[in-house]
>>> print(open('upload-v4.cif').read())   # mmCIF, C-alpha atoms
data_target
#
loop_
_atom_site.group_PDB
_atom_site.id
_atom_site.type_symbol
_atom_site.label_atom_id
_atom_site.label_comp_id
_atom_site.auth_asym_id
_atom_site.auth_seq_id
_atom_site.Cartn_x
_atom_site.Cartn_y
_atom_site.Cartn_z
ATOM 1 C CA MET R 1 120.165 114.511 44.319
ATOM 2 C CA CYS R 2 123.626 113.328 45.395
ATOM 3 C CA GLY R 3 125.070 111.142 48.124
ATOM 4 C CA ILE R 4 127.635 112.252 50.693
ATOM 5 C CA VAL R 5 129.633 110.187 53.167
ATOM 6 C CA GLY R 6 132.298 111.068 55.703
ATOM 7 C CA LEU R 7 134.246 109.181 58.344
ATOM 8 C CA PHE R 8 136.551 110.581 61.027
ATOM 9 C CA LEU R 9 138.453 107.936 62.982
ATOM 10 C CA LYS R 10 139.326 108.671 66.596
ATOM 11 C CA LYS R 11 141.591 105.655 67.136
ATOM 12 C CA GLU R 12 144.888 104.958 65.385
ATOM 13 C CA GLU R 13 144.267 101.216 65.159
ATOM 14 C CA LEU R 14 141.271 101.765 62.851
ATOM 15 C CA ARG R 15 143.237 103.636 60.181
ATOM 16 C CA PRO R 16 143.931 100.560 58.002
ATOM 17 C CA LYS R 17 140.152 100.079 57.714
ATOM 18 C CA LEU R 18 139.315 103.590 56.524
ATOM 19 C CA GLY R 19 139.222 102.843 52.798
ATOM 20 C CA ASP R 20 137.189 99.681 53.249
ATOM 21 C CA LEU R 21 134.607 101.365 55.452
ATOM 22 C CA LEU R 22 134.307 104.426 53.228
ATOM 23 C CA THR R 23 133.962 102.297 50.103
ATOM 24 C CA ASP R 24 130.960 100.458 51.533
ATOM 25 C CA MET R 25 129.417 103.773 52.555
ATOM 26 C CA LEU R 26 130.013 105.217 49.080
ATOM 27 C CA ILE R 27 128.551 102.260 47.188
ATOM 28 C CA THR R 28 125.437 102.335 49.368
ATOM 29 C CA MET R 29 124.738 105.836 48.021
ATOM 30 C CA THR R 30 124.824 104.743 44.363
ATOM 31 C CA ASP R 31 121.154 105.406 43.652
ATOM 32 C CA ARG R 32 121.607 108.962 44.890
ATOM 33 C CA GLY R 33 124.432 109.558 42.419
ATOM 34 C CA PRO R 34 125.221 107.073 39.637
ATOM 35 C CA ASP R 35 126.986 109.544 37.312
ATOM 36 C CA SER R 36 130.368 109.823 39.018
ATOM 37 C CA ALA R 37 132.048 109.318 42.362
ATOM 38 C CA GLY R 38 135.028 110.520 44.305
ATOM 39 C CA ILE R 39 136.795 110.279 47.607
ATOM 40 C CA ALA R 40 139.387 112.249 49.567
ATOM 41 C CA ILE R 41 141.638 110.304 51.915
ATOM 42 C CA TYR R 42 143.686 111.953 54.652
ATOM 43 C CA GLY R 43 146.755 110.032 55.764
ATOM 44 C CA ASP R 44 149.793 110.884 57.847
ATOM 45 C CA ASP R 45 151.165 114.385 57.480
ATOM 46 C CA GLY R 46 154.303 114.007 55.386
ATOM 47 C CA LEU R 47 155.962 115.405 52.288
ATOM 48 C CA LEU R 48 154.248 117.802 49.905
ATOM 49 C CA LYS R 49 152.204 115.900 47.312
ATOM 50 C CA ILE R 50 149.891 116.701 44.452
ATOM 51 C CA THR R 51 147.248 114.430 42.912
ATOM 52 C CA VAL R 52 146.816 114.738 39.154
ATOM 53 C CA GLN R 53 144.530 113.140 36.545
ATOM 54 C CA SER R 54 144.697 112.357 32.839
ATOM 55 C CA ASP R 55 142.340 110.671 30.379
ATOM 56 C CA THR R 56 145.440 109.174 28.708
ATOM 57 C CA PRO R 57 147.526 108.083 31.700
ATOM 58 C CA ASP R 58 149.757 105.624 29.803
ATOM 59 C CA THR R 59 151.256 108.391 27.701
ATOM 60 C CA THR R 60 150.775 111.377 30.001
ATOM 61 C CA PHE R 61 152.383 109.807 33.063
ATOM 62 C CA ALA R 62 155.242 108.114 31.214
ATOM 63 C CA GLY R 63 158.380 109.880 32.433
ATOM 64 C CA LEU R 64 156.401 112.580 34.222
ATOM 65 C CA ASP R 65 158.360 112.194 37.449
ATOM 66 C CA THR R 66 161.666 112.519 35.588
ATOM 67 C CA ALA R 67 160.532 115.601 33.675
ATOM 68 C CA LEU R 68 159.173 117.214 36.818
ATOM 69 C CA THR R 69 162.369 116.457 38.742
ATOM 70 C CA ALA R 70 164.299 118.407 36.110
ATOM 71 C CA ALA R 71 161.788 121.269 36.029
ATOM 72 C CA LEU R 72 161.695 121.654 39.802
ATOM 73 C CA GLU R 73 165.397 120.918 40.291
ATOM 74 C CA GLY R 74 164.570 118.502 43.072
ATOM 75 C CA PRO R 75 163.524 114.870 43.524
ATOM 76 C CA VAL R 76 159.974 113.888 42.526
ATOM 77 C CA THR R 77 158.441 110.460 43.026
ATOM 78 C CA MET R 78 155.242 109.208 41.447
ATOM 79 C CA ARG R 79 152.597 106.599 42.261
ATOM 80 C CA VAL R 80 150.162 105.890 39.420
ATOM 81 C CA THR R 81 146.697 104.499 40.091
ATOM 82 C CA ASP R 82 144.542 104.165 36.969
ATOM 83 C CA THR R 83 143.872 107.706 35.637
ATOM 84 C CA HIS R 84 145.413 109.424 38.665
ATOM 85 C CA ALA R 85 148.955 109.880 39.906
ATOM 86 C CA VAL R 86 150.202 111.108 43.270
ATOM 87 C CA LEU R 87 153.437 113.060 42.935
ATOM 88 C CA THR R 88 155.658 113.779 45.941
ATOM 89 C CA LEU R 89 157.428 117.127 45.502
ATOM 90 C CA PRO R 90 160.195 119.137 47.149
ATOM 91 C CA GLU R 91 158.848 121.662 49.649
ATOM 92 C CA GLY R 92 157.984 125.055 48.227
ATOM 93 C CA THR R 93 157.497 123.867 44.635
ATOM 94 C CA GLU R 94 153.710 123.559 44.399
ATOM 95 C CA THR R 95 153.252 126.748 42.342
ATOM 96 C CA LEU R 96 155.918 125.683 39.848
ATOM 97 C CA ALA R 97 154.467 122.183 39.683
ATOM 98 C CA ARG R 98 150.981 123.516 38.984
ATOM 99 C CA ALA R 99 152.328 125.704 36.186
ATOM 100 C CA PHE R 100 154.114 122.679 34.712
ATOM 101 C CA MET R 101 150.882 120.642 34.840
ATOM 102 C CA ALA R 102 148.887 123.433 33.207
ATOM 103 C CA GLU R 103 151.388 123.650 30.360
ATOM 104 C CA LYS R 104 151.160 119.897 29.805
ATOM 105 C CA GLY R 105 147.363 119.840 30.044
ATOM 106 C CA ILE R 106 147.383 117.661 33.171
ATOM 107 C CA ARG R 107 144.511 118.184 35.611
ATOM 108 C CA VAL R 108 145.279 118.848 39.251
ATOM 109 C CA MET R 109 142.833 117.225 41.675
ATOM 110 C CA GLY R 110 144.352 118.577 44.881
ATOM 111 C CA ALA R 111 147.525 119.170 46.853
ATOM 112 C CA GLY R 112 148.779 119.189 50.412
ATOM 113 C CA HIS R 113 150.743 117.136 52.896
ATOM 114 C CA SER R 114 148.128 114.552 53.854
ATOM 115 C CA MET R 115 145.255 114.591 51.317
ATOM 116 C CA GLU R 116 144.854 112.498 48.178
ATOM 117 C CA ILE R 117 141.788 112.809 45.905
ATOM 118 C CA PHE R 118 140.492 110.212 43.454
ATOM 119 C CA LYS R 119 137.389 110.861 41.334
ATOM 120 C CA GLU R 120 136.021 109.725 37.998
ATOM 121 C CA VAL R 121 132.881 109.315 35.925
ATOM 122 C CA GLY R 122 131.081 106.003 36.497
ATOM 123 C CA LEU R 123 129.199 104.007 39.078
ATOM 124 C CA PRO R 124 130.632 104.298 42.601
ATOM 125 C CA ARG R 125 131.494 100.589 42.770
ATOM 126 C CA ASP R 126 133.447 100.861 39.509
ATOM 127 C CA VAL R 127 135.270 104.011 40.561
ATOM 128 C CA ALA R 128 136.145 102.408 43.907
ATOM 129 C CA ALA R 129 137.496 99.311 42.147
ATOM 130 C CA ARG R 130 139.557 101.321 39.640
ATOM 131 C CA PHE R 131 141.404 103.112 42.441
ATOM 132 C CA ASN R 132 141.443 100.194 44.889
ATOM 133 C CA LEU R 133 139.886 102.446 47.493
ATOM 134 C CA ARG R 134 139.345 99.542 49.887
ATOM 135 C CA ALA R 135 143.093 99.196 50.404
ATOM 136 C CA MET R 136 143.602 102.823 51.420
ATOM 137 C CA SER R 137 144.304 103.806 55.006
ATOM 138 C CA GLY R 138 144.152 107.085 56.832
ATOM 139 C CA SER R 139 142.703 109.123 59.657
ATOM 140 C CA HIS R 140 139.592 110.430 57.905
ATOM 141 C CA GLY R 141 137.970 110.858 54.542
ATOM 142 C CA ILE R 142 134.923 112.147 52.693
ATOM 143 C CA GLY R 143 133.203 110.863 49.574
ATOM 144 C CA HIS R 144 130.492 111.746 47.072
ATOM 145 C CA THR R 145 128.232 110.113 44.517
ATOM 146 C CA ARG R 146 126.932 112.557 41.927
ATOM 147 C CA MET R 147 123.669 112.969 40.062
ATOM 148 C CA ALA R 148 124.503 115.902 37.798
ATOM 149 C CA THR R 149 122.107 118.853 37.736
ATOM 150 C CA GLU R 150 124.194 122.021 37.379
ATOM 151 C CA SER R 151 126.949 121.005 34.973
ATOM 152 C CA ALA R 152 128.160 118.246 32.669
ATOM 153 C CA VAL R 153 129.120 114.749 33.777
ATOM 154 C CA THR R 154 132.905 114.991 33.648
ATOM 155 C CA THR R 155 135.857 114.129 35.854
ATOM 156 C CA LEU R 156 136.332 117.793 36.737
ATOM 157 C CA GLY R 157 132.642 118.055 37.600
ATOM 158 C CA ALA R 158 132.878 115.200 40.095
ATOM 159 C CA HIS R 159 133.347 115.815 43.812
ATOM 160 C CA PRO R 160 135.314 116.362 46.041
ATOM 161 C CA PHE R 161 136.496 119.806 44.979
ATOM 162 C CA SER R 162 139.819 120.948 46.386
ATOM 163 C CA THR R 163 140.700 124.652 46.248
ATOM 164 C CA GLY R 164 143.255 124.899 49.047
ATOM 165 C CA ALA R 165 146.041 122.881 50.616
ATOM 166 C CA ASP R 166 144.610 119.759 52.277
ATOM 167 C CA GLN R 167 141.105 121.215 51.868
ATOM 168 C CA CYS R 168 138.165 119.716 49.997
ATOM 169 C CA LEU R 169 134.384 119.875 49.933
ATOM 170 C CA VAL R 170 131.446 117.710 48.870
ATOM 171 C CA HIS R 171 127.926 119.035 48.403
ATOM 172 C CA ASN R 172 124.349 117.916 48.034
ATOM 173 C CA GLY R 173 122.116 120.730 46.835
ATOM 174 C CA SER R 174 122.075 123.729 44.539
ATOM 175 C CA LEU R 175 123.381 127.272 45.033
ATOM 176 C CA SER R 176 121.334 130.114 43.564
ATOM 177 C CA ASN R 177 123.928 132.887 43.873
ATOM 178 C CA HIS R 178 126.977 131.011 42.584
ATOM 179 C CA ASN R 179 127.488 133.327 39.587
ATOM 180 C CA GLN R 180 127.604 136.388 41.832
ATOM 181 C CA MET R 181 129.966 134.616 44.222
ATOM 182 C CA ARG R 182 132.271 133.648 41.339
ATOM 183 C CA ARG R 183 132.979 137.313 40.722
ATOM 184 C CA VAL R 184 133.518 138.048 44.407
ATOM 185 C CA LEU R 185 135.865 135.090 44.855
ATOM 186 C CA ALA R 186 137.812 135.873 41.670
ATOM 187 C CA GLU R 187 138.581 139.324 43.058
ATOM 188 C CA LYS R 188 139.985 137.630 46.163
ATOM 189 C CA GLY R 189 142.199 135.336 44.089
ATOM 190 C CA PHE R 190 140.016 132.222 44.458
ATOM 191 C CA ALA R 191 138.425 131.983 41.005
ATOM 192 C CA PRO R 192 136.565 128.691 40.366
ATOM 193 C CA GLN R 193 137.913 126.738 37.395
ATOM 194 C CA THR R 194 134.718 124.856 36.466
ATOM 195 C CA GLN R 195 131.021 125.697 36.029
ATOM 196 C CA ASN R 196 130.058 123.487 38.977
ATOM 197 C CA ASP R 197 128.402 125.449 41.786
ATOM 198 C CA THR R 198 130.064 123.175 44.341
ATOM 199 C CA GLU R 199 133.488 124.522 43.424
ATOM 200 C CA VAL R 200 132.202 127.985 44.315
ATOM 201 C CA ALA R 201 131.450 126.737 47.826
ATOM 202 C CA ALA R 202 134.896 125.141 48.055
ATOM 203 C CA CYS R 203 136.549 128.401 46.957
ATOM 204 C CA TYR R 204 134.493 130.282 49.520
ATOM 205 C CA ILE R 205 135.719 128.047 52.343
ATOM 206 C CA SER R 206 139.332 128.351 51.134
ATOM 207 C CA SER R 207 139.067 132.137 50.936
ATOM 208 C CA ARG R 208 137.755 132.366 54.499
ATOM 209 C CA LEU R 209 140.465 130.075 55.846
ATOM 210 C CA ALA R 210 143.076 132.140 54.006
ATOM 211 C CA GLU R 211 141.701 135.241 55.754
ATOM 212 C CA GLY R 212 142.380 133.616 59.123
ATOM 213 C CA ALA R 213 138.995 132.116 59.949
ATOM 214 C CA HIS R 214 138.952 128.695 61.549
ATOM 215 C CA LEU R 215 136.865 125.922 59.987
ATOM 216 C CA GLY R 216 133.835 126.558 62.192
ATOM 217 C CA GLU R 217 133.797 130.261 61.276
ATOM 218 C CA ALA R 218 134.163 129.478 57.574
ATOM 219 C CA LEU R 219 131.233 127.072 57.705
ATOM 220 C CA GLU R 220 129.125 129.627 59.592
ATOM 221 C CA GLY R 221 129.891 132.102 56.824
ATOM 222 C CA THR R 222 128.213 129.891 54.232
ATOM 223 C CA LEU R 223 124.910 130.454 56.037
ATOM 224 C CA ARG R 224 125.293 134.194 55.554
ATOM 225 C CA ASP R 225 126.879 134.427 52.118
ATOM 226 C CA LEU R 226 125.666 131.423 50.089
ATOM 227 C CA ASP R 227 122.033 131.152 48.962
ATOM 228 C CA GLY R 228 120.257 127.931 48.083
ATOM 229 C CA PHE R 229 119.648 124.485 49.459
ATOM 230 C CA PHE R 230 122.819 122.747 50.593
ATOM 231 C CA THR R 231 124.523 120.255 52.800
ATOM 232 C CA PHE R 232 128.307 120.673 52.864
ATOM 233 C CA VAL R 233 130.893 118.295 54.259
ATOM 234 C CA VAL R 234 134.389 119.793 54.334
ATOM 235 C CA GLY R 235 137.670 117.969 54.862
ATOM 236 C CA THR R 236 140.846 119.543 56.214
ATOM 237 C CA LYS R 237 144.179 118.142 57.347
ATOM 238 C CA ASN R 238 142.978 118.040 60.939
ATOM 239 C CA GLY R 239 139.370 116.942 60.586
ATOM 240 C CA PHE R 240 136.046 117.517 58.929
ATOM 241 C CA GLY R 241 132.971 119.700 59.319
ATOM 242 C CA VAL R 242 129.294 119.661 58.377
ATOM 243 C CA VAL R 243 126.715 122.394 57.794
ATOM 244 C CA ARG R 244 123.176 122.443 56.369
ATOM 245 C CA ASP R 245 121.247 125.466 55.116
ATOM 246 C CA PRO R 246 118.502 126.958 57.322
ATOM 247 C CA ILE R 247 115.703 125.020 55.589
ATOM 248 C CA ALA R 248 117.666 121.740 55.574
ATOM 249 C CA CYS R 249 115.595 119.947 52.950
ATOM 250 C CA LYS R 250 118.563 117.800 51.904
ATOM 251 C CA PRO R 251 118.773 114.606 53.986
ATOM 252 C CA ALA R 252 121.611 114.043 56.427
ATOM 253 C CA VAL R 253 122.388 111.812 59.381
ATOM 254 C CA MET R 254 125.364 111.526 61.725
ATOM 255 C CA ALA R 255 126.638 108.941 64.178
ATOM 256 C CA GLU R 256 129.311 109.057 66.864
ATOM 257 C CA THR R 257 130.972 106.385 68.991
ATOM 258 C CA GLU R 258 134.209 106.238 70.960
ATOM 259 C CA ASP R 259 135.858 105.054 67.731
ATOM 260 C CA TYR R 260 134.563 107.408 65.030
ATOM 261 C CA VAL R 261 132.274 110.161 63.794
ATOM 262 C CA ALA R 262 130.371 109.332 60.607
ATOM 263 C CA PHE R 263 128.170 111.242 58.170
ATOM 264 C CA GLY R 264 125.794 109.967 55.508
ATOM 265 C CA SER R 265 123.043 111.391 53.340
ATOM 266 C CA GLU R 266 120.917 108.509 54.614
ATOM 267 C CA TYR R 267 121.208 106.151 57.567
ATOM 268 C CA ARG R 268 121.770 103.137 55.315
ATOM 269 C CA ALA R 269 125.222 104.561 54.495
ATOM 270 C CA LEU R 270 126.105 104.108 58.177
ATOM 271 C CA ALA R 271 124.237 100.883 58.865
ATOM 272 C CA ASN R 272 127.229 98.538 58.480
ATOM 273 C CA LEU R 273 129.751 100.551 60.483
ATOM 274 C CA PRO R 274 131.167 98.689 63.494
ATOM 275 C CA GLY R 275 129.304 99.511 66.690
ATOM 276 C CA ILE R 276 126.585 101.482 64.918
ATOM 277 C CA GLU R 277 123.933 99.773 67.040
ATOM 278 C CA THR R 278 125.211 101.594 70.150
ATOM 279 C CA ALA R 279 126.208 104.858 68.450
ATOM 280 C CA ARG R 280 124.631 108.209 69.153
ATOM 281 C CA VAL R 281 122.718 108.849 65.938
ATOM 282 C CA TRP R 282 121.118 112.186 65.068
ATOM 283 C CA GLU R 283 120.031 114.434 62.231
ATOM 284 C CA PRO R 284 122.193 117.566 61.982
ATOM 285 C CA GLU R 285 120.185 120.655 62.867
ATOM 286 C CA PRO R 286 119.484 123.343 60.239
ATOM 287 C CA ALA R 287 121.919 126.282 60.158
ATOM 288 C CA THR R 288 124.155 124.550 62.686
ATOM 289 C CA VAL R 289 127.875 123.886 62.288
ATOM 290 C CA TYR R 290 129.459 120.634 63.426
ATOM 291 C CA PHE R 291 133.182 119.977 63.176
ATOM 292 C CA TRP R 292 135.743 117.607 64.634
ATOM 293 C CA GLU R 293 139.466 118.232 64.649
ATOM 294 C CA ARG R 294 142.512 116.541 66.115
#
>>> encode(input="upload-v4.cif", output="structure tokens")
Amino acid sequence: MCGIVGLFLKKEELRPKLGDLLTDMLITMTDRGPDSAGIAIYGDDGLLKITVQSDTPDTTFAGLDTALTAALEGPVTMRVTDTHAVLTLPEGTETLARAFMAEKGIRVMGAGHSMEIFKEVGLPRDVAARFNLRAMSGSHGIGHTRMATESAVTTLGAHPFSTGADQCLVHNGSLSNHNQMRRVLAEKGFAPQTQNDTEVAACYISSRLAEGAHLGEALEGTLRDLDGFFTFVVGTKNGFGVVRDPIACKPAVMAETEDYVAFGSEYRALANLPGIETARVWEPEPATVYFWER
């Protein structure tokens, strides 16, 4: 049992409130996932950036921007927030930067031009406070509270999982064919790096998008190729999408107004959103894809 939240803002003037609204939604789902929590925030499309994590940030991040500037032969800036750092890189250097991080034992949470990911072990309210999530702004975001069932409670086991540029996924459920899919995805160059079945789903979406599918087609593919009980919420640079398996035993609810589209594992995650009393509220249908893009 896990908790999922998502919020897609339709109006520019609401962007400064994104982090605050998502934080309340995330904390409300604590009893569905007290082990760890995470959030992906999508801001303005800008320079290439990569979010990294370390259990020893004081030593690991000291001088990291300077060392990376030398390694990439181009300017790198760094913003440290608790155990995470967001590094802004010269265009075309992501592969080199990832190799540098791997050599130094620094974990990469995600990369792209608009997405930043923050996730850690702990209660959602504590994770939110550590990263000052309430102060974050952006156009949309997704979040997750985890109750571990398939793998250990670790930072890398927390959601969201990002396996492509400005792409991430959160999941409530359990996949029964994830070991088979690991082999298939590895052959396509999208090998999962953890034992978490959710990362398999994220790699699947990334592989389909890389093949030229649009988000809706990639989500439809999960209904054909992934077995188990699942609700997926996927974030991309332009929006987010939702799909539930054909049995749809995992709870989900959505709401839409002129200002936003929101997703929650339960209605109480949406109950304090502005204008919720006049929103169109519905339960996503089984085996049905929903997505919103700019």
>>> resolve_selection(input="upload-v4.cif", expression="the PyMOL selection byres ((chain R and resi 246) around 8)", output="list in words")
Leu223, Arg244, Asp245, Ile247, Ala248, Pro286 and Ala287 of chain R
>>> residues_around(input="upload-v4.cif", residues="Asn177 in chain R", least_positions_apart="5", cutoff="9 Å", atoms="all atoms listed in the file", output="VMD selection string")
chain R and resid 182 197 225 to 228
>>> residues_around(input="upload-v4.cif", residues="Gly38 in chain R", least_positions_apart="5", cutoff="6 Å", atoms="only C-alpha atoms", output="list of chain:residue names")
R:Phe118, R:Lys119, R:Gly143, R:His144, R:His159
>>> atom_distance(input="upload-v4.cif", atom1="CA of Asp44 in chain R", atom2="CA of Arg294 in chain R")
12.4 Å
>>> atom_distance(input="upload-v4.cif", atom1="CA of Leu169 in chain R", atom2="CA of Thr81 in chain R")
22.0 Å
>>> atom_distance(input="upload-v4.cif", atom1="CA of Ala135 in chain R", atom2="CA of Asp20 in chain R")
6.6 Å
>>> axis_aligned_box(input="upload-v4.cif", around="range 67-79 of chain R", padding_each_side="5 Å", output="JSON")
{"center_x": 159.0, "center_y": 114.1, "center_z": 38.6, "size_x": 22.8, "size_y": 25.1, "size_z": 19.8}
>>> residues_near_point(input="upload-v4.cif", point="(130.7, 116.3, 36.3)", cutoff="9 Å", atoms="all atoms listed in the file", output="ChimeraX atom specification")
/R:35-36,120-121,146-148,150-159,196
>>> write_last_selection(input="upload-v4.cif", atoms="C-alpha atoms", output="PDB file, in the coordinates of the input")
ATOM      1  CA  ASP R  35     126.986 109.544  37.312  1.00  0.00           C
ATOM      2  CA  SER R  36     130.368 109.823  39.018  1.00  0.00           C
ATOM      3  CA  GLU R 120     136.021 109.725  37.998  1.00  0.00           C
ATOM      4  CA  VAL R 121     132.881 109.315  35.925  1.00  0.00           C
ATOM      5  CA  ARG R 146     126.932 112.557  41.927  1.00  0.00           C
ATOM      6  CA  MET R 147     123.669 112.969  40.062  1.00  0.00           C
ATOM      7  CA  ALA R 148     124.503 115.902  37.798  1.00  0.00           C
ATOM      8  CA  GLU R 150     124.194 122.021  37.379  1.00  0.00           C
ATOM      9  CA  SER R 151     126.949 121.005  34.973  1.00  0.00           C
ATOM     10  CA  ALA R 152     128.160 118.246  32.669  1.00  0.00           C
ATOM     11  CA  VAL R 153     129.120 114.749  33.777  1.00  0.00           C
ATOM     12  CA  THR R 154     132.905 114.991  33.648  1.00  0.00           C
ATOM     13  CA  THR R 155     135.857 114.129  35.854  1.00  0.00           C
ATOM     14  CA  LEU R 156     136.332 117.793  36.737  1.00  0.00           C
ATOM     15  CA  GLY R 157     132.642 118.055  37.600  1.00  0.00           C
ATOM     16  CA  ALA R 158     132.878 115.200  40.095  1.00  0.00           C
ATOM     17  CA  HIS R 159     133.347 115.815  43.812  1.00  0.00           C
ATOM     18  CA  ASN R 196     130.058 123.487  38.977  1.00  0.00           C
TER      19      ASN R 196
END
>>> residues_around(input="upload-v4.cif", residues="Gly275 in chain R", least_positions_apart="3", cutoff="10 Å", atoms="all atoms listed in the file", output="list in words")
Glu256, Thr257, Glu258, Asp259, Tyr260, Ala271, Asn272, Thr278 and Ala279 of chain R
>>> residues_around(input="upload-v4.cif", residues="Ile4 in chain R", least_positions_apart="4", cutoff="12 Å", atoms="only C-alpha atoms", output="NGL selection string")
:R and (22-23 or 25-33 or 37-40 or 124 or 141-147 or 159-160 or 169-173 or 230-234 or 242 or 250-254 or 262-270)
>>> residues_around(input="upload-v4.cif", residues="Thr66 in chain R", least_positions_apart="2", cutoff="12 Å", atoms="all atoms listed in the file", output="list in words")
Phe61, Ala62, Gly63, Leu64, Leu68, Thr69, Ala70, Ala71, Leu72, Glu73, Gly74, Pro75, Val76, Thr77, Met78, Leu87 and Leu89 of chain R
>>> resolve_selection(input="upload-v4.cif", expression="the PyMOL selection byres ((chain R and resi 131) around 8)", output="VMD selection string")
chain R and resid 81 to 82 118 127 to 130 132 to 133
>>> resolve_selection(input="upload-v4.cif", expression="the PyMOL selection byres ((chain R and resi 16) around 10)", output="PyMOL selection string")
chain R and resi 12-15+17-21+134-139
>>> write_last_selection(input="upload-v4.cif", atoms="C-alpha atoms", output="short mmCIF file (atom, residue, chain, number, x, y, z; two decimals), in the frame of the given file")
data_model
loop_
_atom_site.label_atom_id
_atom_site.label_comp_id
_atom_site.auth_asym_id
_atom_site.auth_seq_id
_atom_site.Cartn_x
_atom_site.Cartn_y
_atom_site.Cartn_z
CA GLU R 12 144.89 104.96 65.39
CA GLU R 13 144.27 101.22 65.16
CA LEU R 14 141.27 101.76 62.85
CA ARG R 15 143.24 103.64 60.18
CA LYS R 17 140.15 100.08 57.71
CA LEU R 18 139.32 103.59 56.52
CA GLY R 19 139.22 102.84 52.80
CA ASP R 20 137.19 99.68 53.25
CA LEU R 21 134.61 101.36 55.45
CA ARG R 134 139.34 99.54 49.89
CA ALA R 135 143.09 99.20 50.40
CA MET R 136 143.60 102.82 51.42
CA SER R 137 144.30 103.81 55.01
CA GLY R 138 144.15 107.08 56.83
CA SER R 139 142.70 109.12 59.66
#
>>> closest_residue(input="upload-v4.cif", among="R:Ile41, R:Leu215, R:Met101, R:Val184", to="Phe8 in chain R", atoms="only C-alpha atoms")
R:Ile41
>>> closest_residue(input="upload-v4.cif", among="R:Ser54, R:Ser206, R:Ser114, R:Ser176", to="Lys188 in chain R", atoms="all atoms listed in the file")
R:Ser206
>>> closest_residue(input="upload-v4.cif", among="R:Val86, R:Ala111, R:Ala210, R:Ile106", to="Thr56 in chain R", atoms="only C-alpha atoms")
R:Ile106
>>> closest_residue(input="upload-v4.cif", among="R:Leu175, R:Leu47, R:Leu96, R:Ala201", to="Phe229 in chain R", atoms="all atoms listed in the file")
R:Leu175
>>> closest_residue(input="upload-v4.cif", among="R:Asp55, R:Glu220, R:Glu293, R:Asp24", to="Arg125 in chain R", atoms="only C-alpha atoms")
R:Asp24
